[in-house]
file entry.cif (mmCIF, C-alpha atoms)
data_protein
#
loop_
_atom_site.label_atom_id
_atom_site.label_comp_id
_atom_site.auth_asym_id
_atom_site.auth_seq_id
_atom_site.Cartn_x
_atom_site.Cartn_y
_atom_site.Cartn_z
CA MET A 258 86.74 139.46 119.92
CA ARG A 259 88.69 137.71 117.23
CA VAL A 260 92.20 136.55 117.98
CA SER A 261 94.49 136.35 114.98
CA VAL A 262 97.27 133.82 114.86
CA VAL A 263 100.50 134.90 113.22
CA ARG A 264 101.85 132.26 110.89
CA HIS A 265 105.41 132.18 109.66
CA ILE A 266 104.89 130.74 106.21
CA SER A 267 108.23 129.73 104.76
CA ASN A 268 107.25 126.54 102.92
CA ILE A 269 104.59 125.25 100.55
CA ALA A 270 102.79 122.00 101.38
CA LEU A 271 100.75 120.23 98.71
CA ILE A 272 98.02 117.88 99.87
CA GLY A 273 95.41 115.96 97.92
CA PHE A 274 94.45 112.52 96.68
CA MET A 275 96.89 110.33 94.76
CA GLY A 276 97.11 111.24 91.11
CA THR A 277 96.23 114.91 91.58
CA GLY A 278 99.73 115.99 90.55
CA LYS A 279 101.35 116.85 93.88
CA SER A 280 104.77 115.49 92.89
CA THR A 281 104.79 116.92 89.37
CA VAL A 282 103.47 120.31 90.44
CA GLY A 283 105.71 120.35 93.51
CA ARG A 284 108.86 119.83 91.43
CA ILE A 285 107.85 122.62 89.03
CA VAL A 286 107.13 125.02 91.91
CA ALA A 287 110.41 124.16 93.65
CA GLU A 288 112.35 124.75 90.44
CA GLN A 289 110.60 128.07 89.75
CA LEU A 290 111.19 129.39 93.29
CA ASP A 291 114.64 127.79 93.68
CA TYR A 292 113.33 125.90 96.74
CA ASP A 293 114.13 122.41 97.96
CA TYR A 294 111.64 119.70 97.02
CA LEU A 295 110.63 117.00 99.49
CA ASP A 296 108.20 114.12 98.94
CA THR A 297 107.05 112.67 102.28
CA ASP A 298 106.35 109.19 100.85
CA ALA A 299 109.75 109.04 99.12
CA LEU A 300 111.53 110.12 102.31
CA ILE A 301 109.68 107.51 104.39
CA GLU A 302 110.66 104.84 101.85
CA GLU A 303 114.27 106.00 101.91
CA ARG A 304 114.47 106.03 105.71
CA SER A 305 112.70 102.71 106.23
CA GLY A 306 114.32 100.92 103.31
CA LYS A 307 110.84 99.69 102.30
CA LYS A 308 108.23 100.63 99.72
CA ILE A 309 105.06 102.20 101.13
CA SER A 310 103.07 99.17 99.97
CA ASP A 311 105.47 96.88 101.92
CA ILE A 312 105.14 99.01 105.07
CA PHE A 313 101.35 98.71 104.78
CA ALA A 314 101.54 94.95 104.15
CA GLN A 315 104.13 94.11 106.81
CA ASN A 316 103.46 96.67 109.54
CA GLY A 317 99.95 97.97 108.83
CA GLU A 318 98.57 101.40 108.08
CA PRO A 319 98.85 102.66 111.71
CA ALA A 320 102.63 102.06 111.66
CA PHE A 321 102.92 103.97 108.38
CA ARG A 322 100.80 106.86 109.71
CA GLU A 323 103.08 107.08 112.75
CA LEU A 324 106.17 107.38 110.51
CA GLU A 325 104.32 110.04 108.55
CA ALA A 326 103.41 112.02 111.71
CA GLN A 327 107.02 111.91 112.95
CA LEU A 328 108.25 113.24 109.61
CA VAL A 329 105.67 116.05 109.54
CA GLU A 330 106.86 117.23 112.97
CA GLU A 331 110.44 117.40 111.65
CA LEU A 332 109.39 119.56 108.70
CA GLY A 333 108.89 122.56 110.98
CA ALA A 334 112.66 123.05 111.00
CA ARG A 335 112.75 123.50 107.20
CA THR A 336 112.45 126.69 105.18
CA SER A 337 112.22 127.34 101.45
CA THR A 338 110.85 123.87 100.81
CA VAL A 339 108.03 122.56 98.66
CA ILE A 340 106.53 119.54 100.44
CA SER A 341 104.51 116.97 98.53
CA THR A 342 102.53 114.81 100.94
CA GLY A 343 101.01 111.36 100.72
CA GLY A 344 97.28 111.33 99.98
CA GLY A 345 96.25 110.18 103.46
CA LEU A 346 98.57 112.46 105.44
CA PRO A 347 95.92 115.14 106.17
CA THR A 348 93.55 112.58 107.72
CA ASN A 349 95.57 113.02 110.92
CA PRO A 350 94.44 116.48 112.11
CA ALA A 351 97.75 116.97 113.96
CA ASN A 352 99.57 116.77 110.62
CA LEU A 353 97.57 119.67 109.20
CA VAL A 354 98.08 121.75 112.35
CA SER A 355 101.82 121.09 112.17
CA LEU A 356 102.07 121.91 108.45
CA LYS A 357 100.12 125.14 108.85
CA LYS A 358 102.67 126.41 111.40
CA HIS A 359 105.27 126.86 108.67
CA SER A 360 103.62 126.20 105.30
CA LEU A 361 100.92 127.50 103.05
CA VAL A 362 98.84 124.33 102.61
CA LEU A 363 97.33 123.93 99.15
CA CYS A 364 95.07 121.05 98.15
CA LEU A 365 95.15 119.89 94.55
CA TRP A 366 91.72 118.61 93.54
CA LEU A 367 90.48 116.41 90.69
CA SER A 368 87.31 114.43 90.05
CA PRO A 369 87.39 110.69 90.84
CA GLU A 370 87.16 109.96 87.11
CA LYS A 371 90.19 112.14 86.27
CA ILE A 372 92.17 110.57 89.13
CA TYR A 373 91.35 107.09 87.85
CA GLU A 374 92.30 108.10 84.31
CA ARG A 375 95.71 109.24 85.59
CA VAL A 376 96.53 106.29 87.87
CA ARG A 377 94.81 103.25 86.34
CA ASP A 378 97.99 101.98 84.65
CA GLN A 379 100.22 102.44 87.71
CA SER A 380 100.84 99.03 89.27
CA HIS A 381 102.55 100.46 92.38
CA ARG A 382 99.23 101.82 93.67
CA PRO A 383 97.82 99.24 96.15
CA LEU A 384 94.47 101.04 96.03
CA LEU A 385 94.00 99.92 92.46
CA HIS A 386 94.24 96.23 93.38
CA SER A 387 90.49 96.21 93.89
CA PRO A 388 87.60 94.78 91.88
CA ASP A 389 86.23 98.34 91.57
CA PRO A 390 89.13 100.82 91.68
CA LEU A 391 86.99 103.79 90.59
CA GLY A 392 84.48 103.00 93.33
CA LYS A 393 87.32 102.74 95.83
CA ILE A 394 88.67 106.12 94.69
CA ARG A 395 85.20 107.69 95.04
CA ALA A 396 84.73 106.27 98.55
CA LEU A 397 88.18 107.29 99.81
CA LEU A 398 87.95 110.73 98.23
CA ALA A 399 84.57 111.29 99.88
CA ALA A 400 85.97 110.19 103.26
CA ARG A 401 89.02 112.44 102.94
CA GLU A 402 87.28 115.49 101.49
CA GLN A 403 86.63 117.00 104.95
CA PHE A 404 90.39 116.96 105.61
CA TYR A 405 91.38 118.24 102.18
CA ARG A 406 88.98 121.17 102.56
CA GLN A 407 90.96 122.36 105.59
CA ALA A 408 93.78 123.47 103.29
CA ASP A 409 94.43 127.18 103.02
CA VAL A 410 93.71 127.04 99.28
CA LEU A 411 91.96 124.47 97.07
CA ILE A 412 93.08 124.34 93.44
CA ASN A 413 91.03 122.46 90.88
CA GLY A 414 93.37 121.04 88.27
CA GLU A 415 90.72 119.33 86.18
CA LEU A 416 91.21 121.46 83.07
CA ARG A 417 94.73 122.77 83.74
CA SER A 418 98.19 121.50 82.91
CA ALA A 419 100.67 120.78 85.71
CA ARG A 420 102.53 123.99 84.78
CA GLU A 421 99.31 126.05 85.03
CA VAL A 422 98.55 124.54 88.44
CA ALA A 423 102.14 125.25 89.54
CA MET A 424 101.81 128.90 88.53
CA GLN A 425 98.58 129.12 90.55
CA VAL A 426 100.38 127.62 93.57
CA ILE A 427 103.19 130.19 93.23
CA SER A 428 100.66 133.02 92.88
CA GLN A 429 98.81 131.93 96.03
CA PHE A 430 102.09 131.56 97.94
CA ARG A 431 103.18 135.07 96.95
CA LEU A 432 99.81 136.50 97.97
CA ALA A 433 100.00 134.77 101.36
CA THR A 434 103.57 135.80 102.10
CA ASN A 435 103.38 139.37 100.77
CA SER A 436 100.16 140.21 102.60
CA ARG A 437 101.98 139.96 105.94
CA ARG A 438 104.71 142.46 105.08
#
call {"tool": "encode", "arguments": {"input": "entry.cif", "output": "structure tokens"}}
result
Amino acid sequence: MRVSVVRHISNIALIGFMGTGKSTVGRIVAEQLDYDYLDTDALIEERSGKKISDIFAQNGEPAFRELEAQLVEELGARTSTVISTGGGLPTNPANLVSLKKHSLVLCLWLSPEKIYERVRDQSHRPLLHSPDPLGKIRALLAAREQFYRQADVLINGELRSAREVAMQVISQFRLATNSRR
């Protein structure tokens, strides 16, 4: 016997590796749907008064992940919001469970080479301060893939513009929310 779980999807959550377009696509989707836009990394920076890289350097990754988990729990109270998450947020399984209670979770996907092409000139990315940034991207992407694949929908943006990806996100959201009515 299969038990179905009723989800009350009222938000869109974008997950995926850095550089996949979560912020850009998220803003387009929010504008098109007249939804609020929320970037988890930006909100953590605002609340803590520190850059993400400083939180990592001064307090360590576990402290940052705890701030992230607290924020994700709070998001359940929101509706009509497009949520852009940090690249590592889904590595905590509780974060995905929490997001899926109220959001359609979509993973934006790109190849390691395309990610590197997009982020290589961005100095605020601590990941790139490595002798082999592309190798680091490949390794982290491989480690996180199992979490990213738990999204409701995976969208490959390799050959699409941000606007095309945004329209695909909106289409998937409408399918998910209309199928329950």
call {"tool": "residues_around", "arguments": {"input": "entry.cif", "residues": "region 423-427 of chain A", "least_positions_apart": "5", "cutoff": "8 Å", "atoms": "only C-alpha atoms", "output": "PDB file with C-alpha atoms, keeping the file's coordinate frame"}}
result
ATOM      1  CA  VAL A 282     103.470 120.310  90.440  1.00  0.00           C
ATOM      2  CA  GLY A 283     105.710 120.350  93.510  1.00  0.00           C
ATOM      3  CA  ILE A 285     107.850 122.620  89.030  1.00  0.00           C
ATOM      4  CA  VAL A 286     107.130 125.020  91.910  1.00  0.00           C
ATOM      5  CA  LEU A 363      97.330 123.930  99.150  1.00  0.00           C
ATOM      6  CA  ILE A 412      93.080 124.340  93.440  1.00  0.00           C
TER       7      ILE A 412
END
call {"tool": "resolve_selection", "arguments": {"input": "entry.cif", "expression": "the PyMOL selection byres ((chain A and resi 292) around 7)", "output": "mmCIF file with C-alpha atoms, in the coordinates of the input"}}
result
data_model
loop_
_atom_site.group_PDB
_atom_site.id
_atom_site.type_symbol
_atom_site.label_atom_id
_atom_site.label_comp_id
_atom_site.auth_asym_id
_atom_site.auth_seq_id
_atom_site.Cartn_x
_atom_site.Cartn_y
_atom_site.Cartn_z
ATOM 1 C CA ALA A 287 110.410 124.160 93.650
ATOM 2 C CA GLU A 288 112.350 124.750 90.440
ATOM 3 C CA LEU A 290 111.190 129.390 93.290
ATOM 4 C CA ASP A 291 114.640 127.790 93.680
ATOM 5 C CA ASP A 293 114.130 122.410 97.960
ATOM 6 C CA TYR A 294 111.640 119.700 97.020
ATOM 7 C CA SER A 337 112.220 127.340 101.450
ATOM 8 C CA THR A 338 110.850 123.870 100.810
ATOM 9 C CA VAL A 339 108.030 122.560 98.660
#
call {"tool": "atom_distance", "arguments": {"input": "entry.cif", "atom1": "CA of Ala408 (chain A)", "atom2": "CA of Lys307 (chain A)"}}
result
29.3 Å
call {"tool": "closest_residue", "arguments": {"input": "entry.cif", "among": "A:Asn413, A:Asn352, A:Ser280, A:Thr434", "to": "Lys371 (chain A)", "atoms": "all atoms listed in the file"}}
result
A:Asn413
call {"tool": "residues_around", "arguments": {"input": "entry.cif", "residues": "Arg377 (chain A)", "least_positions_apart": "6", "cutoff": "9 Å", "atoms": "all atoms listed in the file", "output": "list in words"}}
result
Leu385, Pro390 and Leu391 of chain A
call {"tool": "atom_distance", "arguments": {"input": "entry.cif", "atom1": "CA of Arg375 (chain A)", "atom2": "CA of Glu415 (chain A)"}}
result
11.3 Å
call {"tool": "residues_around", "arguments": {"input": "entry.cif", "residues": "Phe313 (chain A)", "least_positions_apart": "3", "cutoff": "12 Å", "atoms": "all atoms listed in the file", "output": "PyMOL selection string"}}
result
chain A and resi 302+307-310+316-324+382-384
call {"tool": "closest_residue", "arguments": {"input": "entry.cif", "among": "A:Arg304, A:Asp311, A:Ala419, A:Leu356", "to": "Ala326 (chain A)", "atoms": "all atoms listed in the file"}}
result
A:Leu356
call {"tool": "resolve_selection", "arguments": {"input": "entry.cif", "expression": "the PyMOL selection byres ((chain A and resi 296) around 7)", "output": "count of residues only"}}
result
9
call {"tool": "closest_residue", "arguments": {"input": "entry.cif", "among": "A:Gln327, A:Ser368, A:Gln289, A:Thr336", "to": "Leu398 (chain A)", "atoms": "only C-alpha atoms"}}
result
A:Ser368
call {"tool": "atom_distance", "arguments": {"input": "entry.cif", "atom1": "CA of Pro369 (chain A)", "atom2": "CA of Ser418 (chain A)"}}
result
17.2 Å
call {"tool": "closest_residue", "arguments": {"input": "entry.cif", "among": "A:Leu328, A:Ile312, A:Val422, A:Ala433", "to": "Leu367 (chain A)", "atoms": "only C-alpha atoms"}}
result
A:Val422
call {"tool": "residues_around", "arguments": {"input": "entry.cif", "residues": "His359 (chain A)", "least_positions_apart": "5", "cutoff": "6 Å", "atoms": "all atoms listed in the file", "output": "list in words"}}
result
His265, Ile266 and Ser267 of chain A
call {"tool": "closest_residue", "arguments": {"input": "entry.cif", "among": "A:Ser355, A:Thr277, A:Gln407, A:Gln429", "to": "Gly343 (chain A)", "atoms": "all atoms listed in the file"}}
result
A:Thr277
call {"tool": "closest_residue", "arguments": {"input": "entry.cif", "among": "A:Arg406, A:Arg395, A:His386, A:Arg420", "to": "Gly278 (chain A)", "atoms": "only C-alpha atoms"}}
result
A:Arg420
call {"tool": "residues_near_point", "arguments": {"input": "entry.cif", "point": "(100.8, 126.4, 104.8)", "cutoff": "7 Å", "atoms": "only C-alpha atoms", "output": "ChimeraX atom specification"}}
result
/A:266,268-270,356-362,409
call {"tool": "axis_aligned_box", "arguments": {"input": "entry.cif", "around": "region 364-372 of chain A", "padding_each_side": "4 Å", "output": "lines of an AutoDock Vina configuration file"}}
result
center_x = 91.2
center_y = 115.5
center_z = 92.2
size_x = 16.0
size_y = 19.1
size_z = 19.9
call {"tool": "build_atoms", "arguments": {"input": "entry.cif", "residues": "region 291-308 of chain A", "atoms": "N, CA and C atoms", "output": "short mmCIF file (atom, residue, chain, number, x, y, z; two decimals), in the frame of the given file"}}
result
data_model
loop_
_atom_site.label_atom_id
_atom_site.label_comp_id
_atom_site.auth_asym_id
_atom_site.auth_seq_id
_atom_site.Cartn_x
_atom_site.Cartn_y
_atom_site.Cartn_z
N ASP A 291 113.31 128.21 93.21
CA ASP A 291 114.64 127.79 93.68
C ASP A 291 114.56 127.32 95.15
N TYR A 292 113.55 126.50 95.42
CA TYR A 292 113.33 125.90 96.74
C TYR A 292 113.74 124.43 96.70
N ASP A 293 113.92 123.85 97.87
CA ASP A 293 114.13 122.41 97.96
C ASP A 293 112.79 121.73 97.69
N TYR A 294 112.85 120.49 97.22
CA TYR A 294 111.64 119.70 97.02
C TYR A 294 111.73 118.46 97.90
N LEU A 295 110.65 118.16 98.60
CA LEU A 295 110.63 117.00 99.49
C LEU A 295 109.31 116.26 99.31
N ASP A 296 109.38 114.98 99.06
CA ASP A 296 108.20 114.12 98.94
C ASP A 296 108.15 113.25 100.19
N THR A 297 107.10 113.39 101.00
CA THR A 297 107.05 112.67 102.28
C THR A 297 107.08 111.16 102.08
N ASP A 298 106.35 110.64 101.09
CA ASP A 298 106.35 109.19 100.85
C ASP A 298 107.74 108.70 100.45
N ALA A 299 108.40 109.44 99.57
CA ALA A 299 109.75 109.04 99.12
C ALA A 299 110.73 109.05 100.29
N LEU A 300 110.62 110.04 101.16
CA LEU A 300 111.53 110.12 102.31
C LEU A 300 111.27 108.98 103.30
N ILE A 301 110.00 108.64 103.50
CA ILE A 301 109.68 107.51 104.39
C ILE A 301 110.24 106.22 103.80
N GLU A 302 110.10 106.03 102.49
CA GLU A 302 110.66 104.84 101.85
C GLU A 302 112.17 104.79 102.00
N GLU A 303 112.81 105.93 101.80
CA GLU A 303 114.27 106.00 101.91
C GLU A 303 114.73 105.66 103.33
N ARG A 304 114.07 106.25 104.32
CA ARG A 304 114.47 106.03 105.71
C ARG A 304 114.20 104.61 106.18
N SER A 305 113.08 104.05 105.75
CA SER A 305 112.70 102.71 106.23
C SER A 305 113.33 101.60 105.41
N GLY A 306 113.78 101.95 104.20
CA GLY A 306 114.32 100.92 103.31
C GLY A 306 113.24 100.02 102.73
N LYS A 307 111.98 100.48 102.81
CA LYS A 307 110.84 99.69 102.30
C LYS A 307 109.94 100.57 101.45
N LYS A 308 109.27 99.95 100.49
CA LYS A 308 108.23 100.63 99.72
C LYS A 308 107.03 100.87 100.64
#
